[in-house]
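Coordinates from data.cif are shown below (mmCIF, C-alpha atoms and all ligand atoms; chains and numbers go by the auth columns).
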```cif
data_my_file
loop_
_atom_site.group_PDB
_atom_site.id
_atom_site.type_symbol
_atom_site.label_atom_id
_atom_site.label_comp_id
_atom_site.label_asym_id
_atom_site.label_seq_id
_atom_site.Cartn_x
_atom_site.Cartn_y
_atom_site.Cartn_z
_atom_site.B_iso_or_equiv
_atom_site.auth_seq_id
_atom_site.auth_asym_id
ATOM 1 C CA MET A 1 92.634 17.267 68.712 0.00 82 A
ATOM 2 C CA THR A 2 91.120 15.154 71.488 0.00 83 A
ATOM 3 C CA GLU A 3 91.709 11.447 71.827 0.00 84 A
ATOM 4 C CA PHE A 4 88.238 10.855 70.461 0.00 85 A
ATOM 5 C CA ASP A 5 88.795 13.042 67.390 0.00 86 A
ATOM 6 C CA THR A 6 91.935 11.091 66.554 0.00 87 A
ATOM 7 C CA GLU A 7 90.055 7.819 66.822 0.00 88 A
ATOM 8 C CA ARG A 8 87.135 9.054 64.765 0.00 89 A
ATOM 9 C CA HIS A 9 89.447 10.542 62.188 0.00 90 A
ATOM 10 C CA HIS A 10 90.974 7.113 61.816 0.00 91 A
ATOM 11 C CA ILE A 11 87.619 5.582 60.932 0.00 92 A
ATOM 12 C CA VAL A 12 86.810 8.416 58.561 0.00 93 A
ATOM 13 C CA GLN A 13 90.149 7.882 56.803 0.00 94 A
ATOM 14 C CA GLU A 14 88.713 4.662 55.339 0.00 95 A
ATOM 15 C CA LYS A 15 91.835 2.753 56.328 0.00 96 A
ATOM 16 C CA GLN A 16 89.961 -0.353 57.348 0.00 97 A
ATOM 17 C CA GLU A 17 87.839 -2.699 55.307 0.00 98 A
ATOM 18 C CA LEU A 18 84.568 -4.003 56.629 0.00 99 A
ATOM 19 C CA PRO A 19 85.240 -7.700 57.318 0.00 100 A
ATOM 20 C CA GLY A 20 83.794 -10.006 54.668 0.00 101 A
ATOM 21 C CA LEU A 21 82.628 -7.251 52.352 0.00 102 A
ATOM 22 C CA SER A 22 85.377 -7.576 49.738 0.00 103 A
ATOM 23 C CA ASP A 23 84.515 -11.251 49.073 0.00 104 A
ATOM 24 C CA LEU A 24 80.844 -10.374 48.761 0.00 105 A
ATOM 25 C CA THR A 25 81.687 -7.530 46.390 0.00 106 A
ATOM 26 C CA ALA A 26 83.601 -9.934 44.132 0.00 107 A
ATOM 27 C CA GLN A 27 80.475 -12.129 44.026 0.00 108 A
ATOM 28 C CA TRP A 28 78.384 -9.043 43.314 0.00 109 A
ATOM 29 C CA LEU A 29 80.651 -8.144 40.376 0.00 110 A
ATOM 30 C CA SER A 30 80.154 -11.649 38.955 0.00 111 A
ATOM 31 C CA ALA A 31 76.393 -11.393 39.485 0.00 112 A
ATOM 32 C CA VAL A 32 76.146 -8.200 37.432 0.00 113 A
ATOM 33 C CA GLY A 33 78.044 -9.861 34.576 0.00 114 A
ATOM 34 C CA GLU A 34 81.560 -8.615 35.270 0.00 115 A
ATOM 35 C CA ASP A 35 84.864 -10.464 35.572 0.00 116 A
ATOM 36 C CA PRO A 36 86.210 -9.644 39.046 0.00 117 A
ATOM 37 C CA GLN A 37 89.684 -10.659 37.831 0.00 118 A
ATOM 38 C CA ARG A 38 89.942 -8.138 35.019 0.00 119 A
ATOM 39 C CA GLU A 39 92.613 -5.562 35.629 0.00 120 A
ATOM 40 C CA GLY A 40 90.428 -2.542 36.395 0.00 121 A
ATOM 41 C CA LEU A 41 88.373 -4.475 38.943 0.00 122 A
ATOM 42 C CA GLN A 42 91.053 -6.360 40.844 0.00 123 A
ATOM 43 C CA ARG A 43 91.214 -3.921 43.744 0.00 124 A
ATOM 44 C CA THR A 44 87.565 -2.881 43.537 0.00 125 A
ATOM 45 C CA PRO A 45 86.293 -5.291 46.219 0.00 126 A
ATOM 46 C CA HIS A 46 88.845 -3.837 48.665 0.00 127 A
ATOM 47 C CA ARG A 47 87.957 -0.266 47.719 0.00 128 A
ATOM 48 C CA VAL A 48 84.258 -1.009 48.204 0.00 129 A
ATOM 49 C CA ALA A 49 84.896 -2.633 51.598 0.00 130 A
ATOM 50 C CA LYS A 50 86.763 0.521 52.710 0.00 131 A
ATOM 51 C CA ALA A 51 84.250 2.938 51.195 0.00 132 A
ATOM 52 C CA TRP A 52 81.357 1.174 52.953 0.00 133 A
ATOM 53 C CA ASN A 53 83.241 1.363 56.227 0.00 134 A
ATOM 54 C CA PHE A 54 83.032 5.135 55.839 0.00 135 A
ATOM 55 C CA LEU A 55 79.506 5.241 54.414 0.00 136 A
ATOM 56 C CA THR A 56 78.142 3.213 57.330 0.00 137 A
ATOM 57 C CA ASP A 57 80.396 4.352 60.168 0.00 138 A
ATOM 58 C CA GLY A 58 77.276 5.547 62.002 0.00 139 A
ATOM 59 C CA TYR A 59 76.789 1.918 63.100 0.00 140 A
ATOM 60 C CA ARG A 60 80.168 1.943 64.835 0.00 141 A
ATOM 61 C CA LEU A 61 79.923 5.289 66.631 0.00 142 A
ATOM 62 C CA THR A 62 77.738 6.304 69.547 0.00 143 A
ATOM 63 C CA LEU A 63 76.082 9.630 70.222 0.00 144 A
ATOM 64 C CA GLU A 64 78.622 10.113 73.006 0.00 145 A
ATOM 65 C CA ASP A 65 81.438 9.570 70.471 0.00 146 A
ATOM 66 C CA ALA A 66 79.890 12.175 68.207 0.00 147 A
ATOM 67 C CA VAL A 67 79.526 14.974 70.772 0.00 148 A
ATOM 68 C CA GLY A 68 82.437 14.318 73.125 0.00 149 A
ATOM 69 C CA ASP A 69 82.459 16.826 75.994 0.00 150 A
ATOM 70 C CA ALA A 70 81.057 19.741 74.012 0.00 151 A
ATOM 71 C CA ILE A 71 77.968 20.382 76.153 0.00 152 A
ATOM 72 C CA PHE A 72 78.248 23.704 77.964 0.00 153 A
ATOM 73 C CA ALA A 73 76.182 25.549 80.556 0.00 154 A
ATOM 74 C CA SER A 74 74.628 28.746 79.248 0.00 155 A
ATOM 75 C CA GLU A 75 72.073 31.324 80.339 0.00 156 A
ATOM 76 C CA GLY A 76 70.830 32.105 76.822 0.00 157 A
ATOM 77 C CA SER A 77 67.390 31.031 75.650 0.00 158 A
ATOM 78 C CA GLU A 78 67.297 32.404 72.105 0.00 159 A
ATOM 79 C CA MET A 79 66.802 30.145 69.112 0.00 160 A
ATOM 80 C CA VAL A 80 70.009 28.678 67.654 0.00 161 A
ATOM 81 C CA ILE A 81 69.840 27.518 64.027 0.00 162 A
ATOM 82 C CA VAL A 82 72.555 25.544 62.225 0.00 163 A
ATOM 83 C CA LYS A 83 71.612 25.617 58.554 0.00 164 A
ATOM 84 C CA ASP A 84 72.706 23.840 55.402 0.00 165 A
ATOM 85 C CA ILE A 85 74.442 20.826 56.911 0.00 166 A
ATOM 86 C CA GLU A 86 74.998 18.585 53.909 0.00 167 A
ATOM 87 C CA PHE A 87 74.276 14.916 54.398 0.00 168 A
ATOM 88 C CA TYR A 88 74.822 11.741 52.397 0.00 169 A
ATOM 89 C CA SER A 89 72.932 8.581 53.269 0.00 170 A
ATOM 90 C CA MET A 90 71.980 5.260 51.649 0.00 171 A
ATOM 91 C CA CYS A 91 68.339 4.281 51.296 0.00 172 A
ATOM 92 C CA GLU A 92 67.517 1.042 53.032 0.00 173 A
ATOM 93 C CA HIS A 93 65.249 -0.147 50.223 0.00 174 A
ATOM 94 C CA HIS A 94 67.670 0.021 47.290 0.00 175 A
ATOM 95 C CA MET A 95 71.041 0.770 48.905 0.00 176 A
ATOM 96 C CA LEU A 96 71.352 3.800 46.633 0.00 177 A
ATOM 97 C CA PRO A 97 72.346 7.257 47.879 0.00 178 A
ATOM 98 C CA PHE A 98 70.069 10.009 49.028 0.00 179 A
ATOM 99 C CA PHE A 99 71.594 13.329 49.936 0.00 180 A
ATOM 100 C CA GLY A 100 70.812 16.948 50.605 0.00 181 A
ATOM 101 C CA ARG A 101 70.767 19.448 53.431 0.00 182 A
ATOM 102 C CA ALA A 102 69.718 19.369 57.051 0.00 183 A
ATOM 103 C CA HIS A 103 68.766 22.330 59.230 0.00 184 A
ATOM 104 C CA VAL A 104 68.801 21.921 63.001 0.00 185 A
ATOM 105 C CA ALA A 105 67.449 24.429 65.524 0.00 186 A
ATOM 106 C CA TYR A 106 66.880 24.447 69.251 0.00 187 A
ATOM 107 C CA ILE A 107 65.952 26.778 72.084 0.00 188 A
ATOM 108 C CA PRO A 108 68.349 26.219 74.989 0.00 189 A
ATOM 109 C CA ASP A 109 67.237 25.657 78.556 0.00 190 A
ATOM 110 C CA GLY A 110 70.517 25.929 80.466 0.00 191 A
ATOM 111 C CA LYS A 111 72.655 23.790 78.135 0.00 192 A
ATOM 112 C CA ILE A 112 74.175 24.469 74.709 0.00 193 A
ATOM 113 C CA LEU A 113 76.094 22.219 72.323 0.00 194 A
ATOM 114 C CA GLY A 114 79.256 22.929 70.323 0.00 195 A
ATOM 115 C CA LEU A 115 78.062 23.986 66.882 0.00 196 A
ATOM 116 C CA SER A 116 80.101 21.434 64.908 0.00 197 A
ATOM 117 C CA LYS A 117 78.420 18.659 66.880 0.00 198 A
ATOM 118 C CA PHE A 118 75.118 19.190 65.073 0.00 199 A
ATOM 119 C CA ALA A 119 76.874 18.239 61.840 0.00 200 A
ATOM 120 C CA ARG A 120 78.461 15.243 63.578 0.00 201 A
ATOM 121 C CA ILE A 121 75.029 14.128 64.823 0.00 202 A
ATOM 122 C CA VAL A 122 73.621 14.425 61.290 0.00 203 A
ATOM 123 C CA ASP A 123 76.538 12.297 60.013 0.00 204 A
ATOM 124 C CA LEU A 124 76.071 9.752 62.812 0.00 205 A
ATOM 125 C CA TYR A 125 72.533 8.939 61.685 0.00 206 A
ATOM 126 C CA SER A 126 73.042 9.526 57.941 0.00 207 A
ATOM 127 C CA ARG A 127 75.896 7.053 57.602 0.00 208 A
ATOM 128 C CA ARG A 128 73.668 4.018 57.886 0.00 209 A
ATOM 129 C CA LEU A 129 71.003 2.360 55.745 0.00 210 A
ATOM 130 C CA GLN A 130 68.143 4.754 56.300 0.00 211 A
ATOM 131 C CA VAL A 131 64.893 6.357 55.308 0.00 212 A
ATOM 132 C CA GLN A 132 64.968 10.129 55.424 0.00 213 A
ATOM 133 C CA GLU A 133 62.132 10.315 57.955 0.00 214 A
ATOM 134 C CA ARG A 134 64.099 8.220 60.436 0.00 215 A
ATOM 135 C CA VAL A 135 67.315 10.260 60.103 0.00 216 A
ATOM 136 C CA THR A 136 65.230 13.370 60.785 0.00 217 A
ATOM 137 C CA THR A 137 63.586 12.040 63.946 0.00 218 A
ATOM 138 C CA GLN A 138 66.805 10.469 65.229 0.00 219 A
ATOM 139 C CA VAL A 139 68.639 13.803 64.950 0.00 220 A
ATOM 140 C CA ALA A 140 65.791 15.575 66.784 0.00 221 A
ATOM 141 C CA ASP A 141 65.655 12.902 69.495 0.00 222 A
ATOM 142 C CA ALA A 142 69.433 13.067 69.972 0.00 223 A
ATOM 143 C CA VAL A 143 69.404 16.844 70.493 0.00 224 A
ATOM 144 C CA GLN A 144 66.425 16.455 72.843 0.00 225 A
ATOM 145 C CA GLN A 145 68.222 13.776 74.856 0.00 226 A
ATOM 146 C CA LEU A 146 71.529 15.666 75.078 0.00 227 A
ATOM 147 C CA LEU A 147 70.261 19.164 75.908 0.00 228 A
ATOM 148 C CA GLU A 148 66.679 18.835 77.184 0.00 229 A
ATOM 149 C CA PRO A 149 65.991 22.177 75.486 0.00 230 A
ATOM 150 C CA LYS A 150 62.743 24.147 75.267 0.00 231 A
ATOM 151 C CA GLY A 151 62.346 22.950 71.694 0.00 232 A
ATOM 152 C CA VAL A 152 64.088 21.192 68.810 0.00 233 A
ATOM 153 C CA ALA A 153 63.409 21.430 65.069 0.00 234 A
ATOM 154 C CA VAL A 154 65.014 19.412 62.291 0.00 235 A
ATOM 155 C CA LEU A 155 64.218 19.905 58.613 0.00 236 A
ATOM 156 C CA MET A 156 65.866 17.798 55.931 0.00 237 A
ATOM 157 C CA GLU A 157 65.625 18.061 52.178 0.00 238 A
ATOM 158 C CA GLY A 158 66.910 15.134 50.162 0.00 239 A
ATOM 159 C CA VAL A 159 67.232 13.906 46.600 0.00 240 A
ATOM 160 C CA HIS A 160 66.850 10.134 46.296 0.00 241 A
ATOM 161 C CA LEU A 161 68.820 8.479 43.508 0.00 242 A
ATOM 162 C CA CYS A 162 66.486 5.483 43.670 0.00 243 A
ATOM 163 C CA MET A 163 63.810 7.847 42.320 0.00 244 A
ATOM 164 C CA ALA A 164 66.100 9.434 39.729 0.00 245 A
ATOM 165 C CA MET A 165 68.364 6.710 38.280 0.00 246 A
ATOM 166 C CA ARG A 166 65.719 3.972 38.295 0.00 247 A
ATOM 167 C CA GLY A 167 62.132 3.355 39.383 0.00 248 A
ATOM 168 C CA VAL A 168 59.955 6.377 38.606 0.00 249 A
ATOM 169 C CA GLN A 169 62.993 8.240 37.180 0.00 250 A
ATOM 170 C CA LYS A 170 62.021 11.696 38.391 0.00 251 A
ATOM 171 C CA GLN A 171 65.088 13.931 38.163 0.00 252 A
ATOM 172 C CA ASN A 172 63.767 17.045 39.883 0.00 253 A
ATOM 173 C CA SER A 173 61.821 15.765 42.810 0.00 254 A
ATOM 174 C CA SER A 174 63.091 16.320 46.326 0.00 255 A
ATOM 175 C CA THR A 175 61.679 15.242 49.671 0.00 256 A
ATOM 176 C CA THR A 176 61.345 17.419 52.762 0.00 257 A
ATOM 177 C CA THR A 177 60.973 15.824 56.191 0.00 258 A
ATOM 178 C CA SER A 178 60.694 17.497 59.562 0.00 259 A
ATOM 179 C CA ALA A 179 60.649 16.705 63.255 0.00 260 A
ATOM 180 C CA MET A 180 59.413 19.316 65.742 0.00 261 A
ATOM 181 C CA ARG A 181 59.680 18.995 69.500 0.00 262 A
ATOM 182 C CA GLY A 182 58.629 21.266 72.399 0.00 263 A
ATOM 183 C CA LEU A 183 57.993 24.908 71.472 0.00 264 A
ATOM 184 C CA PHE A 184 58.495 24.225 67.767 0.00 265 A
ATOM 185 C CA ARG A 185 55.516 21.893 67.939 0.00 266 A
ATOM 186 C CA SER A 186 53.284 23.846 70.343 0.00 267 A
ATOM 187 C CA ASP A 187 53.968 27.438 69.271 0.00 268 A
ATOM 188 C CA PRO A 188 53.242 28.357 65.627 0.00 269 A
ATOM 189 C CA ARG A 189 55.271 31.590 65.896 0.00 270 A
ATOM 190 C CA THR A 190 58.408 29.716 66.961 0.00 271 A
ATOM 191 C CA ARG A 191 57.923 27.202 64.176 0.00 272 A
ATOM 192 C CA GLY A 192 57.285 30.050 61.708 0.00 273 A
ATOM 193 C CA GLU A 193 60.490 31.825 62.734 0.00 274 A
ATOM 194 C CA PHE A 194 62.458 28.635 62.078 0.00 275 A
ATOM 195 C CA MET A 195 60.749 27.888 58.777 0.00 276 A
ATOM 196 C CA SER A 196 61.299 31.402 57.424 0.00 277 A
ATOM 197 C CA ALA A 197 64.970 31.272 58.479 0.00 278 A
ATOM 198 C CA VAL A 198 65.629 28.063 56.529 0.00 279 A
ATOM 199 C CA GLN A 199 63.156 28.414 53.684 0.00 280 A
ATOM 200 C CA GLY A 200 65.308 30.468 51.348 0.00 281 A
ATOM 201 C CA THR A 201 67.847 27.662 51.274 0.00 282 A
ATOM 202 C CA LEU A 202 65.507 24.972 50.010 0.00 283 A
ATOM 203 C CA ARG A 203 65.983 23.708 46.475 0.00 284 A
ATOM 204 C CA GLY A 204 64.320 25.677 43.708 0.00 285 A
ATOM 205 C CA ARG A 205 63.094 28.563 45.859 0.00 286 A
HETATM 206 N N1 LIG B . 59.319 7.047 52.989 0.00 1 B
HETATM 207 C C1 LIG B . 60.479 6.857 52.346 0.00 1 B
HETATM 208 N N2 LIG B . 60.501 6.106 51.260 0.00 1 B
HETATM 209 C C2 LIG B . 61.662 5.939 50.623 0.00 1 B
HETATM 210 C C3 LIG B . 62.862 6.518 51.051 0.00 1 B
HETATM 211 N N3 LIG B . 63.849 6.168 50.181 0.00 1 B
HETATM 212 C C4 LIG B . 63.265 5.390 49.258 0.00 1 B
HETATM 213 N N4 LIG B . 61.949 5.246 49.502 0.00 1 B
HETATM 214 C C5 LIG B . 60.862 4.541 48.799 0.00 1 B
HETATM 215 O O1 LIG B . 60.781 3.203 49.212 0.00 1 B
HETATM 216 C C6 LIG B . 59.790 2.602 48.366 0.00 1 B
HETATM 217 C C7 LIG B . 60.031 1.134 48.181 0.00 1 B
HETATM 218 O O2 LIG B . 58.936 0.697 47.437 0.00 1 B
HETATM 219 P P1 LIG B . 58.761 -0.759 46.807 0.00 1 B
HETATM 220 O O3 LIG B . 57.525 -0.766 45.977 0.00 1 B
HETATM 221 O O4 LIG B . 58.907 -1.762 47.906 0.00 1 B
HETATM 222 O O5 LIG B . 60.082 -0.884 45.927 0.00 1 B
HETATM 223 P P2 LIG B . 60.236 -0.694 44.350 0.00 1 B
HETATM 224 O O6 LIG B . 59.405 -1.665 43.604 0.00 1 B
HETATM 225 O O7 LIG B . 61.720 -0.707 44.050 0.00 1 B
HETATM 226 O O8 LIG B . 59.628 0.763 44.160 0.00 1 B
HETATM 227 P P3 LIG B . 59.901 1.887 43.064 0.00 1 B
HETATM 228 O O9 LIG B . 61.020 2.732 43.569 0.00 1 B
HETATM 229 O O10 LIG B . 58.617 2.658 42.971 0.00 1 B
HETATM 230 O O11 LIG B . 60.272 1.199 41.781 0.00 1 B
HETATM 231 C C8 LIG B . 59.832 3.430 47.084 0.00 1 B
HETATM 232 O O12 LIG B . 58.584 4.100 46.991 0.00 1 B
HETATM 233 C C9 LIG B . 60.961 4.453 47.327 0.00 1 B
HETATM 234 O O13 LIG B . 60.730 5.689 46.675 0.00 1 B
HETATM 235 C C10 LIG B . 62.810 7.313 52.230 0.00 1 B
HETATM 236 O O14 LIG B . 63.787 7.868 52.709 0.00 1 B
HETATM 237 N N5 LIG B . 61.593 7.450 52.846 0.00 1 B
HETATM 238 ZN ZN ZN B . 65.483 3.720 47.551 0.00 2 B
#
```

Exercise: express the given structure as structure tokens:
Amino acid sequence: MTEFDTERHHIVQEKQELPGLSDLTAQWLSAVGEDPQREGLQRTPHRVAKAWNFLTDGYRLTLEDAVGDAIFASEGSEMVIVKDIEFYSMCEHHMLPFFGRAHVAYIPDGKILGLSKFARIVDLYSRRLQVQERVTTQVADAVQQLLEPKGVAVLMEGVHLCMAMRGVQKQNSSTTTSAMRGLFRSDPRTRGEFMSAVQGTLRGR
């Protein structure tokens, strides 16, 4: 484990509370009609302050933290696809979860990235208050910036609890967002190869 992994692991362990959040959570409990002093809720503000440290740790990590030194020189220029990366995010409008799968592909141009780092990049941008479109473009832009490849494609499919638990209350709807760069944008065959590789994994197909 590198020094960075140890440090990141520490954040992911949810050991620390976000400063100020436990007091606000106690107020929140009162606002929804609860008694923050009742036995089952006494530690809840502290649990929430730790859980939100994890759920939003993307604000406290940089792209460099997420990828470390895992950029390697390589001759290859075939499409690389990392499929079915699960993500969990919080919508910025209602602060309710949205979650699903991300697929990331690129065509190298001299540089490749350690495969696990695509999942770390997805986590970096998911663990914030977000809209799905922005997570998708931020992941694509990050891969573009790190590798300067011949093309990048990101496809995300998410279920938004703000559309299921409340609001329009649609239980089966999902949202697909995409960001295409380079050859994935300019060459329909490249885009088609990517889409057919990930399509079978989309919900309900
Ligand atoms: N584009 C986009 N919209 C989102 C995302 N997550 C939630 N939303 C939408 O954000 C919108 C906020 O709309 P508003 O009318 O301001 O809020 P609201 O009255 O709570 O809307 P309803 O959810 O329709 O009850 C809703 O249409 C949500 O479905 C997302 O990731 N991307
Ligand atoms: Zn929402």

Find the residues around Val216 of chain A up to 12 Å (only C-alpha atoms counted), leave out those fewer than 4 positions away in its own chain, and share them as number ranges by chain. A: 139, 168-173, 179-180, 182-183, 202-212, 220-223, 235-239, 257-260

Rounded to one decimal place, report the atom CA of Gly232 of chain A-atom CA of Phe275 of chain A distance in Å. 11.2 Å

From the set A:Lys192, A:Arg141, A:Arg128, A:Arg215, which residue has the shortest atom-to-atom contact distance to ligand LIG 1 (chain B), counting only C-alpha atoms and all ligand atoms?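 Distance minimum relative to ligand LIG 1 (chain B) lands on A:Arg215.
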
Which one is closest to ligand ZN 2 (chain B): A:Met261, A:Met176, A:Ala234, A:Leu105? Count only C-alpha atoms and all ligand atoms. A:Met176

Where does chain A meet ligand LIG 1 (chain B) within 6 Å, residue by residue, with the nearest atom pair and distance in Å to one decimal for each, counting only C-alpha atoms and all ligand atoms, listed by chain and rising number, as JSON lines?
```
{"residue": "A:Cys172", "atom": "CA", "partner": "B:LIG1", "partner_atom": "N3", "distance": 5.0}
{"residue": "A:His174", "atom": "CA", "partner": "B:LIG1", "partner_atom": "O1", "distance": 5.7}
{"residue": "A:Val212", "atom": "CA", "partner": "B:LIG1", "partner_atom": "O14", "distance": 3.2}
{"residue": "A:Gln213", "atom": "CA", "partner": "B:LIG1", "partner_atom": "O14", "distance": 3.7}
{"residue": "A:Glu214", "atom": "CA", "partner": "B:LIG1", "partner_atom": "N5", "distance": 5.9}
{"residue": "A:Met244", "atom": "CA", "partner": "B:LIG1", "partner_atom": "O13", "distance": 5.8}
{"residue": "A:Gly248", "atom": "CA", "partner": "B:LIG1", "partner_atom": "O11", "distance": 3.7}
{"residue": "A:Val249", "atom": "CA", "partner": "B:LIG1", "partner_atom": "O10", "distance": 5.9}
```

Could you list the residues chosen by the PyMOL selection byres (((chain A and resi 233) around 12) and not hetatm) in this structure as number ranges by chain? A: 160-163, 184-190, 199, 217-232, 234-236, 259-268, 271-272, 275

Best match for closeness to Gln252 of chain A among A:Val240, A:Ala147, A:Ile166, A:Leu122, counting only C-alpha atoms: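 Residue with the minimum atom-to-atom distance to Gln252 of chain A: A:Val240.
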
Residue nearest ligand ZN 2 (chain B) among A:Leu177, A:Leu194, A:Val279, A:Leu99 (counting only C-alpha atoms and all ligand atoms):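 The answer is A:Leu177, which sits nearest to ligand ZN 2 (chain B).
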
Looking at A:Ser277, A:Gln250, A:Thr137, A:Gln123, which one is nearest to ligand ZN 2 (chain B), with distances taken over all atoms listed in the file?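 Ranked by minimum distance to ligand ZN 2 (chain B), first place goes to A:Gln250.
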
In Å to one decimal, how far is atom CA of Gly181 of chain A from atom CA of Thr256 of chain A? 9.3 Å

Closest of A:Thr106, A:Gln118, A:His241, A:Lys251 to ligand ZN 2 (chain B) - atom-to-atom distances counting all atoms listed in the file: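 For ligand ZN 2 (chain B), the nearest of the candidates is A:His241.
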
What lies within 10 Å of segment 108-114 of chain A using only C-alpha atoms, ignoring chain neighbours under 5 positions off, as a list in words? Leu102, Ser103, Leu122, Thr125 and Pro126 of chain A

By how many Å are atom CA of Asn134 of chain A and atom CA of His175 of chain A apart? 18.0 Å

Around the point (82.2, 19.7, 72.6) in the file's coordinates, collect all residues with an atom within 12 Å, using only C-alpha atoms, and return them as a VMD selection string. chain A and resid 82 to 83 85 to 86 145 to 154 192 to 199 201 to 202 227

Complete segment 136-151 of chain A at the level of N, CA and C atoms, written as a short mmCIF file (atom, residue, chain, number, x, y, z; two decimals), in the coordinates of the input.
```
data_model
loop_
_atom_site.label_atom_id
_atom_site.label_comp_id
_atom_site.auth_asym_id
_atom_site.auth_seq_id
_atom_site.Cartn_x
_atom_site.Cartn_y
_atom_site.Cartn_z
N LEU A 136 80.91 4.89 54.69
CA LEU A 136 79.51 5.24 54.41
C LEU A 136 78.55 4.76 55.51
N THR A 137 78.99 3.76 56.26
CA THR A 137 78.14 3.21 57.33
C THR A 137 78.81 3.35 58.70
N ASP A 138 79.71 4.30 58.87
CA ASP A 138 80.40 4.35 60.17
C ASP A 138 79.48 4.79 61.31
N GLY A 139 78.26 5.24 60.96
CA GLY A 139 77.28 5.55 62.00
C GLY A 139 76.90 4.34 62.85
N TYR A 140 77.08 3.12 62.30
CA TYR A 140 76.79 1.92 63.10
C TYR A 140 77.86 1.68 64.17
N ARG A 141 79.04 2.24 63.95
CA ARG A 141 80.17 1.94 64.83
C ARG A 141 80.53 3.10 65.76
N LEU A 142 79.71 4.15 65.73
CA LEU A 142 79.92 5.29 66.63
C LEU A 142 78.68 5.46 67.49
N THR A 143 78.88 6.00 68.69
CA THR A 143 77.74 6.30 69.55
C THR A 143 77.51 7.81 69.54
N LEU A 144 76.37 8.20 70.08
CA LEU A 144 76.08 9.63 70.22
C LEU A 144 77.15 10.29 71.11
N GLU A 145 77.59 9.58 72.12
CA GLU A 145 78.62 10.11 73.01
C GLU A 145 79.92 10.32 72.23
N ASP A 146 80.26 9.38 71.33
CA ASP A 146 81.44 9.57 70.47
C ASP A 146 81.29 10.85 69.66
N ALA A 147 80.09 11.07 69.14
CA ALA A 147 79.89 12.18 68.21
C ALA A 147 79.99 13.53 68.90
N VAL A 148 79.54 13.64 70.14
CA VAL A 148 79.53 14.97 70.77
C VAL A 148 80.66 15.19 71.76
N GLY A 149 81.34 14.14 72.18
CA GLY A 149 82.44 14.32 73.12
C GLY A 149 81.98 15.06 74.37
N ASP A 150 82.78 16.06 74.78
CA ASP A 150 82.46 16.83 75.99
C ASP A 150 81.87 18.19 75.68
N ALA A 151 81.39 18.38 74.46
CA ALA A 151 81.06 19.74 74.01
C ALA A 151 79.66 20.20 74.41
#
```
